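Undergrad: The structure file coords-v7.cif (mmCIF, C-alpha atoms and all ligand atoms) is provided below.
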data_coords
#
loop_
_atom_site.label_atom_id
_atom_site.label_comp_id
_atom_site.auth_asym_id
_atom_site.auth_seq_id
_atom_site.Cartn_x
_atom_site.Cartn_y
_atom_site.Cartn_z
CA MET A 1 62.89 -72.86 -58.02
CA SER A 2 63.65 -74.76 -54.78
CA ALA A 3 63.84 -72.84 -51.48
CA ALA A 4 67.11 -72.23 -49.63
CA PRO A 5 68.27 -74.68 -46.93
CA ASP A 6 67.80 -73.72 -43.28
CA GLU A 7 70.62 -72.68 -40.89
CA ALA A 8 71.50 -76.32 -40.20
CA GLY A 9 71.79 -76.98 -43.94
CA ARG A 10 68.58 -79.01 -44.14
CA ALA A 11 66.49 -78.69 -47.28
CA PRO A 12 62.97 -77.36 -46.63
CA LEU A 13 60.18 -79.94 -46.68
CA ALA A 14 58.52 -80.12 -50.09
CA GLU A 15 55.18 -80.56 -48.36
CA LEU A 16 54.15 -80.35 -44.71
CA ARG A 17 52.09 -83.37 -43.63
CA VAL A 18 49.78 -82.22 -40.86
CA ALA A 19 47.79 -84.01 -38.16
CA VAL A 20 44.75 -82.03 -37.00
CA LEU A 21 43.64 -82.79 -33.44
CA GLY A 22 40.06 -81.76 -32.68
CA VAL A 23 37.77 -81.10 -35.63
CA GLY A 24 34.96 -79.04 -34.17
CA VAL A 25 34.40 -75.50 -35.48
CA MET A 26 38.03 -74.37 -35.67
CA GLY A 27 39.70 -77.70 -36.47
CA THR A 28 37.33 -78.28 -39.39
CA PHE A 29 37.89 -74.75 -40.70
CA HIS A 30 41.68 -75.15 -40.45
CA ALA A 31 41.67 -78.68 -41.96
CA GLU A 32 39.72 -77.42 -44.95
CA ALA A 33 42.04 -74.43 -45.32
CA LEU A 34 45.10 -76.69 -45.26
CA SER A 35 43.69 -78.88 -47.99
CA THR A 36 42.36 -76.09 -50.23
CA ARG A 37 43.39 -72.48 -49.62
CA VAL A 38 46.86 -72.93 -48.04
CA ARG A 39 49.86 -73.93 -50.17
CA GLY A 40 52.57 -76.42 -49.24
CA ALA A 41 50.63 -78.58 -46.78
CA ARG A 42 48.40 -81.63 -46.70
CA VAL A 43 46.28 -83.04 -43.88
CA THR A 44 47.31 -86.68 -43.51
CA VAL A 45 45.79 -87.51 -40.12
CA VAL A 46 42.62 -86.37 -38.36
CA ASN A 47 41.82 -87.05 -34.74
CA ASP A 48 38.83 -86.14 -32.60
CA TRP A 49 37.32 -87.36 -29.37
CA SER A 50 34.35 -88.18 -31.59
CA ALA A 51 35.58 -90.79 -34.11
CA GLU A 52 32.47 -90.15 -36.16
CA ARG A 53 33.25 -86.44 -36.53
CA ALA A 54 36.88 -87.26 -37.34
CA ALA A 55 35.74 -89.63 -40.10
CA VAL A 56 33.57 -86.98 -41.75
CA VAL A 57 36.40 -84.43 -41.87
CA ALA A 58 39.05 -87.01 -42.83
CA ASP A 59 36.89 -88.09 -45.71
CA ARG A 60 36.43 -84.49 -46.86
CA VAL A 61 40.18 -83.68 -46.84
CA GLY A 62 41.51 -87.08 -47.96
CA ALA A 63 43.18 -88.01 -44.66
CA ARG A 64 43.01 -91.05 -42.38
CA VAL A 65 41.56 -91.17 -38.86
CA VAL A 66 43.78 -92.01 -35.91
CA GLU A 67 41.67 -92.49 -32.80
CA ASP A 68 44.30 -91.68 -30.17
CA PRO A 69 45.71 -88.11 -30.28
CA PHE A 70 49.12 -89.25 -29.07
CA GLU A 71 49.30 -91.94 -31.75
CA ALA A 72 48.40 -89.24 -34.27
CA ILE A 73 51.32 -87.12 -33.03
CA ALA A 74 53.65 -90.14 -33.28
CA ALA A 75 52.53 -91.19 -36.77
CA ASP A 76 55.18 -91.62 -39.50
CA ASP A 77 53.24 -89.56 -42.01
CA VAL A 78 53.07 -86.48 -39.75
CA ASP A 79 55.59 -83.58 -39.91
CA ALA A 80 53.57 -81.03 -37.91
CA VAL A 81 50.48 -80.84 -35.72
CA LEU A 82 47.57 -78.43 -35.50
CA VAL A 83 45.90 -78.59 -32.08
CA ALA A 84 42.27 -77.44 -32.16
CA SER A 85 40.93 -79.53 -29.30
CA PRO A 86 39.42 -77.74 -26.25
CA GLY A 87 41.88 -75.74 -24.13
CA ALA A 88 42.06 -78.34 -21.36
CA ALA A 89 43.61 -80.87 -23.78
CA HIS A 90 46.30 -78.52 -25.13
CA ASP A 91 48.90 -79.00 -22.41
CA ALA A 92 49.40 -82.75 -22.95
CA GLN A 93 49.05 -82.59 -26.74
CA VAL A 94 51.51 -79.72 -27.23
CA GLY A 95 53.89 -81.41 -24.76
CA ALA A 96 53.79 -84.61 -26.84
CA CYS A 97 54.58 -82.61 -30.01
CA LEU A 98 57.64 -81.14 -28.27
CA ASP A 99 58.71 -84.62 -27.13
CA ARG A 100 58.73 -85.62 -30.80
CA GLY A 101 60.35 -82.36 -31.95
CA LEU A 102 57.37 -81.46 -34.16
CA PRO A 103 56.23 -77.95 -35.06
CA VAL A 104 52.82 -77.31 -33.50
CA LEU A 105 50.20 -74.63 -34.08
CA CYS A 106 48.06 -74.62 -30.96
CA GLU A 107 44.77 -72.74 -30.90
CA LYS A 108 44.46 -70.27 -28.05
CA PRO A 109 44.65 -70.56 -25.09
CA LEU A 110 48.02 -72.31 -24.92
CA THR A 111 46.85 -74.04 -21.74
CA THR A 112 44.28 -73.37 -19.04
CA ASP A 113 46.66 -72.78 -16.12
CA VAL A 114 49.85 -70.85 -15.74
CA ALA A 115 52.04 -73.67 -14.40
CA SER A 116 51.46 -75.88 -17.44
CA ALA A 117 51.98 -72.96 -19.84
CA ARG A 118 55.24 -72.14 -18.12
CA ALA A 119 56.31 -75.81 -18.31
CA LEU A 120 55.81 -75.76 -22.09
CA VAL A 121 57.97 -72.64 -22.40
CA GLU A 122 60.74 -74.42 -20.45
CA LYS A 123 60.35 -77.62 -22.44
CA GLU A 124 60.66 -75.84 -25.78
CA ARG A 125 63.61 -73.83 -24.49
CA ALA A 126 65.42 -77.02 -23.47
CA LEU A 127 65.14 -78.22 -27.07
CA GLY A 128 66.98 -75.09 -28.22
CA ARG A 129 64.63 -74.22 -31.08
CA ARG A 130 61.20 -72.73 -31.53
CA LEU A 131 58.45 -75.20 -32.32
CA VAL A 132 55.30 -73.73 -30.78
CA GLN A 133 53.00 -71.18 -32.38
CA VAL A 134 49.83 -70.05 -30.60
CA GLY A 135 46.68 -69.29 -32.59
CA PHE A 136 46.46 -65.55 -31.94
CA MET A 137 45.19 -64.94 -35.45
CA ARG A 138 44.47 -61.24 -34.97
CA ARG A 139 48.21 -60.60 -35.45
CA PHE A 140 47.67 -61.67 -39.08
CA ASP A 141 44.48 -59.69 -39.68
CA PRO A 142 45.20 -56.89 -42.20
CA GLU A 143 43.41 -54.31 -40.03
CA TYR A 144 45.41 -55.17 -36.90
CA VAL A 145 48.61 -55.23 -38.98
CA ALA A 146 47.79 -51.71 -40.27
CA LEU A 147 47.03 -50.48 -36.73
CA LYS A 148 50.30 -51.93 -35.45
CA LYS A 149 52.16 -50.14 -38.27
CA LEU A 150 50.60 -46.80 -37.30
CA VAL A 151 51.82 -47.37 -33.75
CA THR A 152 55.34 -48.50 -34.63
CA ASP A 153 55.81 -45.81 -37.30
CA GLY A 154 54.93 -43.22 -34.65
CA ASP A 155 52.01 -41.77 -36.66
CA LEU A 156 49.84 -41.51 -33.53
CA GLY A 157 52.64 -40.28 -31.30
CA ASN A 158 53.24 -42.10 -28.05
CA PRO A 159 50.34 -44.55 -27.56
CA LEU A 160 48.64 -43.76 -24.25
CA MET A 161 45.56 -45.96 -24.12
CA VAL A 162 43.93 -48.83 -26.02
CA HIS A 163 40.17 -49.40 -25.96
CA CYS A 164 38.77 -52.74 -27.09
CA THR A 165 35.26 -54.04 -27.62
CA HIS A 166 34.64 -57.78 -28.02
CA ARG A 167 31.05 -58.91 -28.51
CA ASN A 168 29.76 -62.29 -29.52
CA PRO A 169 26.10 -62.65 -30.45
CA HIS A 170 25.70 -65.81 -28.38
CA VAL A 171 27.78 -68.53 -26.71
CA PRO A 172 27.11 -71.92 -25.13
CA GLU A 173 25.86 -72.12 -21.54
CA HIS A 174 29.31 -73.04 -20.13
CA PHE A 175 30.69 -69.55 -20.87
CA ASN A 176 30.81 -68.28 -17.30
CA SER A 177 32.86 -65.24 -16.22
CA GLU A 178 36.06 -67.31 -15.89
CA PHE A 179 35.64 -68.87 -19.32
CA MET A 180 34.95 -65.44 -20.83
CA ILE A 181 38.32 -64.28 -19.54
CA ARG A 182 40.32 -67.37 -20.50
CA ASP A 183 38.71 -67.99 -23.88
CA SER A 184 37.61 -64.57 -25.17
CA VAL A 185 39.53 -61.81 -23.35
CA VAL A 186 42.73 -63.75 -24.05
CA HIS A 187 42.56 -62.24 -27.57
CA GLU A 188 42.67 -58.64 -26.25
CA VAL A 189 45.50 -59.63 -23.91
CA ASP A 190 47.51 -60.65 -26.95
CA VAL A 191 46.36 -57.64 -28.99
CA ALA A 192 47.55 -55.26 -26.26
CA ARG A 193 50.94 -57.00 -26.00
CA PHE A 194 51.24 -57.03 -29.81
CA LEU A 195 50.29 -53.38 -30.32
CA LEU A 196 52.22 -51.92 -27.40
CA ASP A 197 55.15 -54.33 -27.40
CA GLU A 198 55.24 -54.64 -23.64
CA GLU A 199 53.90 -56.91 -20.92
CA ILE A 200 50.66 -56.45 -18.99
CA THR A 201 51.33 -56.04 -15.30
CA SER A 202 47.90 -55.92 -13.68
CA VAL A 203 44.22 -56.66 -14.32
CA GLN A 204 41.04 -55.31 -12.83
CA VAL A 205 37.50 -56.37 -13.71
CA ILE A 206 34.42 -54.21 -13.27
CA ALA A 207 31.13 -56.09 -13.43
CA GLY A 208 27.89 -54.17 -13.76
CA VAL A 209 24.37 -55.22 -14.61
CA ALA A 210 24.31 -58.57 -16.40
CA THR A 211 22.16 -59.31 -19.42
CA ALA A 212 19.03 -61.28 -18.58
CA SER A 213 20.24 -64.14 -20.79
CA ALA A 214 23.40 -64.71 -18.70
CA PRO A 215 23.29 -67.74 -16.37
CA ALA A 216 23.07 -66.85 -12.67
CA GLY A 217 26.44 -65.67 -11.34
CA THR A 218 27.90 -64.90 -14.77
CA HIS A 219 28.99 -61.30 -15.29
CA ASP A 220 28.15 -60.63 -18.90
CA PRO A 221 29.18 -57.98 -19.93
CA MET A 222 32.33 -57.06 -17.99
CA LEU A 223 34.83 -54.23 -18.32
CA VAL A 224 38.40 -55.49 -18.02
CA VAL A 225 41.14 -52.93 -17.33
CA PHE A 226 44.80 -53.78 -17.90
CA ARG A 227 47.85 -51.79 -16.94
CA THR A 228 51.11 -52.32 -18.81
CA ALA A 229 54.73 -52.26 -17.65
CA SER A 230 55.15 -48.61 -18.70
CA GLY A 231 51.84 -47.63 -17.05
CA ARG A 232 49.60 -47.50 -20.13
CA VAL A 233 45.93 -48.42 -19.65
CA VAL A 234 43.99 -50.86 -21.86
CA THR A 235 40.22 -51.34 -21.53
CA ASP A 236 38.21 -54.26 -22.87
CA GLU A 237 34.44 -54.59 -22.91
CA ILE A 238 33.67 -58.29 -23.15
CA TYR A 239 30.03 -59.10 -23.89
CA VAL A 240 29.41 -62.59 -25.25
CA ARG A 241 25.59 -62.68 -25.31
CA SER A 242 24.91 -59.40 -27.10
CA GLY A 243 22.29 -61.03 -29.32
CA VAL A 244 23.36 -58.75 -32.18
CA ALA A 245 26.46 -59.83 -34.14
CA TYR A 246 30.21 -60.49 -33.87
CA GLU A 247 31.76 -57.10 -33.14
CA VAL A 248 35.47 -56.63 -32.49
CA ARG A 249 36.82 -53.08 -32.34
CA THR A 250 40.13 -51.67 -31.17
CA GLU A 251 41.14 -48.04 -30.77
CA VAL A 252 44.62 -46.80 -30.00
CA VAL A 253 44.76 -43.33 -28.47
CA GLY A 254 48.10 -41.60 -28.89
CA GLU A 255 49.59 -38.21 -28.07
CA ARG A 256 49.11 -37.03 -31.65
CA GLY A 257 45.93 -38.81 -32.68
CA SER A 258 43.89 -41.98 -32.52
CA ALA A 259 43.01 -44.85 -34.86
CA THR A 260 40.19 -47.38 -34.72
CA ILE A 261 39.71 -50.70 -36.48
CA GLY A 262 36.64 -52.90 -36.70
CA LEU A 263 34.17 -50.14 -37.46
CA ASP A 264 33.46 -50.85 -41.11
CA GLN A 265 35.41 -54.01 -41.93
CA ASN A 266 33.12 -56.58 -43.49
CA LEU A 267 30.25 -54.15 -43.21
CA VAL A 268 28.11 -54.84 -46.24
CA VAL A 269 25.99 -51.83 -47.12
CA ARG A 270 22.87 -53.11 -48.86
CA ARG A 271 20.38 -51.19 -50.96
CA THR A 272 17.21 -53.21 -51.43
CA ASP A 273 13.49 -52.64 -51.32
CA GLY A 274 13.93 -48.87 -51.37
CA ARG A 275 16.00 -49.04 -48.13
CA TRP A 276 19.68 -49.09 -47.25
CA GLY A 277 21.51 -50.63 -44.34
CA GLY A 278 24.48 -52.68 -43.18
CA THR A 279 24.99 -56.30 -42.21
CA LEU A 280 27.47 -57.09 -39.48
CA THR A 281 29.58 -60.25 -39.43
CA PRO A 282 27.68 -62.98 -37.58
CA GLY A 283 30.71 -64.79 -36.14
CA PHE A 284 34.49 -65.05 -35.85
CA VAL A 285 34.90 -67.17 -38.98
CA GLU A 286 33.29 -64.44 -41.13
CA ARG A 287 35.24 -61.64 -39.41
CA PHE A 288 38.63 -63.34 -39.18
CA GLY A 289 38.48 -65.90 -42.01
CA GLN A 290 41.29 -64.20 -43.92
CA ALA A 291 43.40 -63.86 -40.77
CA TYR A 292 43.08 -67.59 -39.98
CA ASP A 293 44.25 -68.48 -43.49
CA LEU A 294 47.16 -66.02 -43.41
CA GLU A 295 48.14 -67.41 -40.02
CA LEU A 296 48.14 -70.95 -41.40
CA GLN A 297 50.08 -70.02 -44.54
CA ARG A 298 52.80 -68.32 -42.48
CA TRP A 299 52.91 -71.30 -40.11
CA VAL A 300 53.22 -73.78 -42.97
CA ASP A 301 55.90 -71.75 -44.77
CA ALA A 302 57.93 -71.39 -41.57
CA ALA A 303 57.50 -75.02 -40.47
CA ARG A 304 58.76 -76.23 -43.86
CA ARG A 305 61.89 -74.17 -43.22
CA GLY A 306 62.19 -75.55 -39.66
CA THR A 307 61.19 -72.36 -37.87
CA VAL A 308 58.26 -70.40 -36.39
CA ASP A 309 57.01 -67.07 -37.71
CA GLY A 310 54.26 -66.02 -35.33
CA PRO A 311 53.33 -65.67 -31.65
CA GLY A 312 55.12 -68.37 -29.70
CA ALA A 313 55.18 -70.22 -26.40
CA TRP A 314 56.18 -67.12 -24.40
CA ASP A 315 53.24 -65.18 -25.85
CA GLY A 316 50.95 -68.07 -24.95
CA TYR A 317 52.36 -68.23 -21.41
CA ALA A 318 52.15 -64.45 -20.87
CA ALA A 319 48.51 -64.47 -22.01
CA VAL A 320 47.62 -67.37 -19.72
CA ALA A 321 49.28 -65.57 -16.79
CA VAL A 322 47.29 -62.38 -17.47
CA CYS A 323 44.06 -64.39 -17.75
CA GLU A 324 44.79 -66.19 -14.49
CA ALA A 325 45.14 -62.78 -12.81
CA GLY A 326 41.92 -61.75 -14.59
CA VAL A 327 40.04 -64.69 -13.11
CA GLU A 328 41.26 -63.68 -9.65
CA ALA A 329 40.22 -60.10 -10.41
CA VAL A 330 36.68 -61.24 -11.22
CA ARG A 331 36.55 -63.08 -7.90
CA THR A 332 37.96 -60.31 -5.70
CA GLY A 333 37.16 -57.08 -7.52
CA ALA A 334 40.76 -55.99 -6.80
CA GLU A 335 43.49 -54.90 -9.20
CA VAL A 336 45.51 -58.09 -9.41
CA PRO A 337 49.20 -58.06 -10.37
CA VAL A 338 50.41 -60.35 -13.15
CA VAL A 339 53.44 -62.41 -12.22
CA LEU A 340 55.64 -63.43 -15.15
CA GLU A 341 58.67 -65.48 -14.27
CA PRO A 342 61.59 -64.31 -16.44
CA LEU A 343 63.34 -67.06 -18.36
CA ASP A 344 66.62 -66.77 -16.46
CA GLY A 345 64.77 -67.62 -13.25
CA ALA A 346 65.42 -64.22 -11.62
CA PRO A 347 62.53 -62.96 -9.49
CA ALA A 348 60.16 -60.69 -11.42
CA ALA A 349 60.31 -57.01 -10.45
CA PRO A 350 57.05 -55.61 -9.05
CA PRO A 351 55.21 -54.26 -12.07
CA ALA A 352 55.09 -50.47 -12.50
CA GLY A 353 51.87 -48.69 -11.70
CA VAL A 354 50.21 -51.58 -9.87
CA ARG A 355 48.10 -50.55 -6.92
CA ALA A 356 47.00 -53.97 -5.72
CA PRO A 357 46.83 -54.22 -1.94
CA ASP A 358 49.50 -56.93 -1.66
CA LEU A 359 52.01 -54.88 -3.67
CA GLU A 360 51.25 -51.74 -1.64
CA ALA A 361 51.99 -53.72 1.48
CA ALA A 362 55.26 -54.98 0.04
CA ARG A 363 56.56 -51.44 -0.65
N1 LIG B 401 41.29 -68.30 -32.72
C1 LIG B 401 39.96 -68.19 -32.64
O1 LIG B 401 39.37 -67.19 -32.99
C2 LIG B 401 39.18 -69.34 -32.10
C3 LIG B 401 39.81 -70.30 -31.37
N2 LIG B 401 39.10 -71.29 -30.80
C4 LIG B 401 39.84 -72.26 -30.01
O2 LIG B 401 39.91 -73.48 -30.75
C5 LIG B 401 39.82 -74.60 -29.87
C6 LIG B 401 38.63 -75.44 -30.28
O3 LIG B 401 37.47 -74.66 -30.20
P1 LIG B 401 36.16 -74.99 -31.07
O4 LIG B 401 36.53 -75.51 -32.38
O5 LIG B 401 35.30 -73.79 -30.96
O6 LIG B 401 35.53 -76.13 -30.18
P2 LIG B 401 34.52 -77.29 -30.61
O7 LIG B 401 33.86 -77.73 -29.36
O8 LIG B 401 33.71 -76.88 -31.77
O9 LIG B 401 35.51 -78.45 -31.11
C7 LIG B 401 36.37 -79.15 -30.28
C8 LIG B 401 36.52 -80.55 -30.84
O10 LIG B 401 37.55 -81.22 -30.12
C9 LIG B 401 37.10 -82.56 -29.84
N3 LIG B 401 37.86 -83.01 -28.67
C10 LIG B 401 37.50 -82.95 -27.35
N4 LIG B 401 38.51 -83.41 -26.58
C11 LIG B 401 39.52 -83.77 -27.44
C12 LIG B 401 40.81 -84.31 -27.27
N5 LIG B 401 41.30 -84.55 -26.04
N6 LIG B 401 41.57 -84.55 -28.36
C13 LIG B 401 41.08 -84.34 -29.62
N7 LIG B 401 39.85 -83.82 -29.83
C14 LIG B 401 39.09 -83.53 -28.77
C15 LIG B 401 35.60 -82.44 -29.66
O11 LIG B 401 34.97 -83.69 -29.88
C16 LIG B 401 35.27 -81.40 -30.73
O12 LIG B 401 35.00 -82.00 -31.98
C17 LIG B 401 39.73 -74.02 -28.46
O13 LIG B 401 41.00 -73.94 -27.91
C18 LIG B 401 39.17 -72.61 -28.70
O14 LIG B 401 39.51 -71.69 -27.69
C19 LIG B 401 37.76 -71.42 -31.00
C20 LIG B 401 37.09 -70.50 -31.73
C21 LIG B 401 37.73 -69.37 -32.36
O1 LIG B 402 38.46 -67.46 -29.98
C1 LIG B 402 37.29 -67.27 -30.07
C2 LIG B 402 36.29 -68.04 -29.31
O2 LIG B 402 36.88 -69.18 -28.73
C3 LIG B 402 35.80 -67.11 -28.22
O3 LIG B 402 34.86 -67.77 -27.44
C4 LIG B 402 35.19 -65.87 -28.84
O4 LIG B 402 34.77 -64.97 -27.84
C5 LIG B 402 36.21 -65.18 -29.70
O5 LIG B 402 35.62 -64.04 -30.29
C6 LIG B 402 36.74 -66.10 -30.77
O6 LIG B 402 37.70 -65.47 -31.55
#
Show this structure as structure tokens.
TA:
Amino acid sequence: MSAAPDEAGRAPLAELRVAVLGVGVMGTFHAEALSTRVRGARVTVVNDWSAERAAVVADRVGARVVEDPFEAIAADDVDAVLVASPGAAHDAQVGACLDRGLPVLCEKPLTTDVASARALVEKERALGRRLVQVGFMRRFDPEYVALKKLVTDGDLGNPLMVHCTHRNPHVPEHFNSEFMIRDSVVHEVDVARFLLDEEITSVQVIAGVATASAPAGTHDPMLVVFRTASGRVVTDEIYVRSGVAYEVRTEVVGERGSATIGLDQNLVVRRTDGRWGGTLTPGFVERFGQAYDLELQRWVDAARRGTVDGPGAWDGYAAVAVCEAGVEAVRTGAEVPVVLEPLDGAPAAPPAGVRAPDLEAAR
């Protein structure tokens, strides 16, 4: 049975031909998903800064290599683009997709500075249709979906606080405090916005004793504290050199109860050699593998219908703005307000509950 036409009367694409830009860890995982586990799509073009790496993946998924990312975006056999290059390359690559009117799934973060993220929001808006999805895959993870349902159904009563833990066993040397905020904490920023359905209005970072394996000057772990527009508090422990496993937990505390995810998911309880014990997920691919695939399937299905069915450019922009405030909070130790420029251009109201010195002075 063929699918219904979209609002403009166009028939859905029979198959989405995708260019994948950047085939490191995530790009390779997504390219393989698109050519095996996800229905309705095919990788036709692969691009990477390393032509050699691109060739290996292209060969594996039956695609061709295009050495320039912008030529890949402009190729005739490309209907949509998956951007999995490093964050600093996202701005120009997503912008080029918008110039060509192509649906684009961009891995988080949308960009690495707030001005460029905002510019992408404006650019998409000028086109009059949604094209950008940002790779906040936790929104597709069955555990996060169940937690969100408990919140929206009112089972926990009014949600008062959210507590997050985000631990990676190890990361490359370049993960300094700023990178930890922009690349890792960005997930909890989106989780908080997703679960509570409101914007974050301020960020504070508390740095304590750092692990001996952290490079000099890097605060690992850190406690990040967010305040939301209605005054709710969200805490996030970010610890990227725990040396243990990949551990992501989230607890919502409401007026009538609390709920936690990430405690037992993927916990394999083994009984061997007369002993029992659990094995934690070693990395994000093992923990969120299903979420990445669900995210891709929803993106493909929506793109074939000419729409977007996931976190979009505004979500990407809001997260970048919170992270930018977070980076400032690391530097100053202060509670830093988040400034989100509303789409109509009206000045943003001072966020509720913020006690940053500059806002106090402005009152
Ligand atoms: N949603 C999630 O849970 C995760 C998301 N990510 C995000 O995915 C993106 C990629 O991260 P990884 O795969 O971990 O990095 P990676 O370093 O493994 O791979 C990046 C690849 O991009 C290539 N590259 C560099 N500059 C490029 C350019 N201008 N155009 C095309 N290719 C370029 C590199 O040669 C490399 O092969 C980042 O934005 C990262 O934050 C990464 C890990 C998990
Ligand atoms: O997005 C991811 C990485 O880029 C980031 O570096 C990790 O901390 C996250 O856990 C992972 O989901």
Undergrad: Distance atom CA of A:Val94-atom CA of A:Val45, one decimal place?
TA: 16.1 Å
Undergrad: Taking all atoms listed in the file into account, produce a table as a Markdown table in which each residue of chain A with an atom at most 6 Å from an atom of ligand LIG 402 (chain B) appears once, together with its shortest atom pair and the distance in Å to one decimal, ordered by chain and rising number.
TA:
| residue | atom | partner | partner_atom | distance |
| --- | --- | --- | --- | --- |
| A:Asn168 | CA | B:LIG402 | O4 | 5.9 |
| A:Asp183 | CA | B:LIG402 | O3 | 5.2 |
| A:Ser184 | CA | B:LIG402 | O4 | 3.9 |
| A:Phe284 | CA | B:LIG402 | O6 | 5.4 |
Undergrad: Mind writing the picked residues with C-alpha atoms as a PDB file, in the coordinates of the input?
TA:
ATOM      1  CA  ASN A 168      29.760 -62.290 -29.520  1.00  0.00           C
ATOM      2  CA  ASP A 183      38.710 -67.990 -23.880  1.00  0.00           C
ATOM      3  CA  SER A 184      37.610 -64.570 -25.170  1.00  0.00           C
ATOM      4  CA  PHE A 284      34.490 -65.050 -35.850  1.00  0.00           C
TER       5      PHE A 284
END
Undergrad: Give me, please, the distance in Å between atom CA of A:Pro337 and atom CA of A:Thr201, quoted to one decimal.
TA: 5.7 Å
Undergrad: Please build the interface table for chain A against ligand LIG 401 (chain B) with a cut-off of 7 Å, listing for each qualifying residue the nearest atom pair and the distance in Å to one decimal; count all atoms listed in the file, order rows by chain and increasing number, and write it as a tab-separated table.
TA:
residue	atom	partner	partner_atom	distance
A:Leu21	CA	B:LIG401	C13	4.9
A:Gly22	CA	B:LIG401	N7	3.5
A:Val23	CA	B:LIG401	O12	4.7
A:Gly24	CA	B:LIG401	O9	3.2
A:Val25	CA	B:LIG401	O4	3.8
A:Met26	CA	B:LIG401	O4	3.8
A:Gly27	CA	B:LIG401	O4	5.6
A:Asn47	CA	B:LIG401	C13	5.8
A:Asp48	CA	B:LIG401	N7	3.8
A:Trp49	CA	B:LIG401	C14	4.3
A:Ser50	CA	B:LIG401	O11	4.8
A:Arg53	CA	B:LIG401	O12	6.6
A:Pro69	CA	B:LIG401	N6	5.8
A:Ala84	CA	B:LIG401	C5	4.4
A:Ser85	CA	B:LIG401	O10	3.9
A:Pro86	CA	B:LIG401	C17	4.3
A:Gly87	CA	B:LIG401	O13	4.3
A:Ala89	CA	B:LIG401	N5	4.9
A:Glu107	CA	B:LIG401	O2	4.9
A:Lys108	CA	B:LIG401	O13	5.0
A:Pro109	CA	B:LIG401	O13	5.7
A:Gly135	CA	B:LIG401	N1	5.5
A:Phe136	CA	B:LIG401	N1	5.9
A:Met137	CA	B:LIG401	N1	5.8
A:Asp183	CA	B:LIG401	O14	5.4
A:Phe284	CA	B:LIG401	O1	6.0
Undergrad: Let me make sure I understand: among A:Val320, A:Val132, A:Ala92, A:Ala212, which one has the smallest atom-to-atom distance to A:Asp190 if we use all atoms listed in the file?
TA: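 Going through A:Val320, A:Val132, A:Ala92, A:Ala212 one by one, the smallest distance to A:Asp190 is for A:Val320.
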Undergrad: Between atom CA of A:Val240 and atom CA of A:Leu223, what distance in Å does the model show, to one decimal?
TA: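 Going from atom CA of A:Val240 over to atom CA of A:Leu223, I get 12.1 Å.
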Undergrad: Considering all atoms listed in the file, state which residue in the set A:Pro159, A:Gly278, A:Gly254, A:Pro169 is at the smallest distance from A:Arg241.
TA: A:Pro169
Undergrad: Identify the residues around (30.7, -57.7, -41.4) within a radius of 12 Å, measuring from all atoms listed in the file in the coordinates stated by the file, and give them as a list of chain:residue names.
TA: A:Val244, A:Ala245, A:Tyr246, A:Glu247, A:Val248, A:Arg249, A:Gly262, A:Leu263, A:Asp264, A:Gln265, A:Asn266, A:Leu267, A:Val268, A:Val269, A:Arg270, A:Gly277, A:Gly278, A:Thr279, A:Leu280, A:Thr281, A:Pro282, A:Gly283, A:Phe284, A:Val285, A:Glu286, A:Arg287, A:Phe288, A:Gly289
Undergrad: Using all atoms listed in the file, which of the listed residues (A:Gly157, A:Gly217, A:Pro103, A:Gly128) sits closest to A:Asp309?
TA: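 Nearest to A:Asp309: A:Pro103.
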Undergrad: Which polymer residues have any atom within 9 Å of an atom of stretch 314-316 of chain A, counting all atoms listed in the file, with same-chain residues fewer than 2 positions away left out, as a PyMOL selection string?
TA: chain A and resi 108-111+117-118+120-121+133-136+190+193+311-312+318-321
Undergrad: Excluding A:Ala325 and any residue of its chain fewer than 6 positions from it, enumerate the residues within 12 Å of it, using all atoms listed in the file, and give them as a PyMOL selection string.
TA: chain A and resi 113-114+178+181-182+185-186+189+200-205+224-226+318-319+331-340+356
Undergrad: Which residues come within 9 Å of stretch 34-42 of chain A, counting all atoms listed in the file, excluding same-chain residues fewer than 3 positions away, as a list in words?
TA: Leu13, Ala14, Glu15, Leu16, Arg17, Val18, Ala19, Phe29, His30, Ala31, Val61, Gly62, Ala63, Asp293, Leu294, Leu296, Gln297, Val300, Asp301 and Arg304 of chain A
Undergrad: Pull C-alpha atoms from the residues just selected and write them as a CSV table (one decimal), keeping the file's coordinate frame.
TA:
chain,number,residue,atom,x,y,z
A,13,LEU,CA,60.2,-79.9,-46.7
A,14,ALA,CA,58.5,-80.1,-50.1
A,15,GLU,CA,55.2,-80.6,-48.4
A,16,LEU,CA,54.2,-80.4,-44.7
A,17,ARG,CA,52.1,-83.4,-43.6
A,18,VAL,CA,49.8,-82.2,-40.9
A,19,ALA,CA,47.8,-84.0,-38.2
A,29,PHE,CA,37.9,-74.8,-40.7
A,30,HIS,CA,41.7,-75.2,-40.4
A,31,ALA,CA,41.7,-78.7,-42.0
A,61,VAL,CA,40.2,-83.7,-46.8
A,62,GLY,CA,41.5,-87.1,-48.0
A,63,ALA,CA,43.2,-88.0,-44.7
A,293,ASP,CA,44.2,-68.5,-43.5
A,294,LEU,CA,47.2,-66.0,-43.4
A,296,LEU,CA,48.1,-71.0,-41.4
A,297,GLN,CA,50.1,-70.0,-44.5
A,300,VAL,CA,53.2,-73.8,-43.0
A,301,ASP,CA,55.9,-71.8,-44.8
A,304,ARG,CA,58.8,-76.2,-43.9
Undergrad: Kindly provide, as a PyMOL selection string, the polymer residues lying within 12 Å of (51.9, -46.0, -23.9), counting all atoms listed in the file and using the coordinates exactly as they appear in the file.
TA: chain A and resi 151-152+154+156-162+192-193+195-200+227-234+252-255
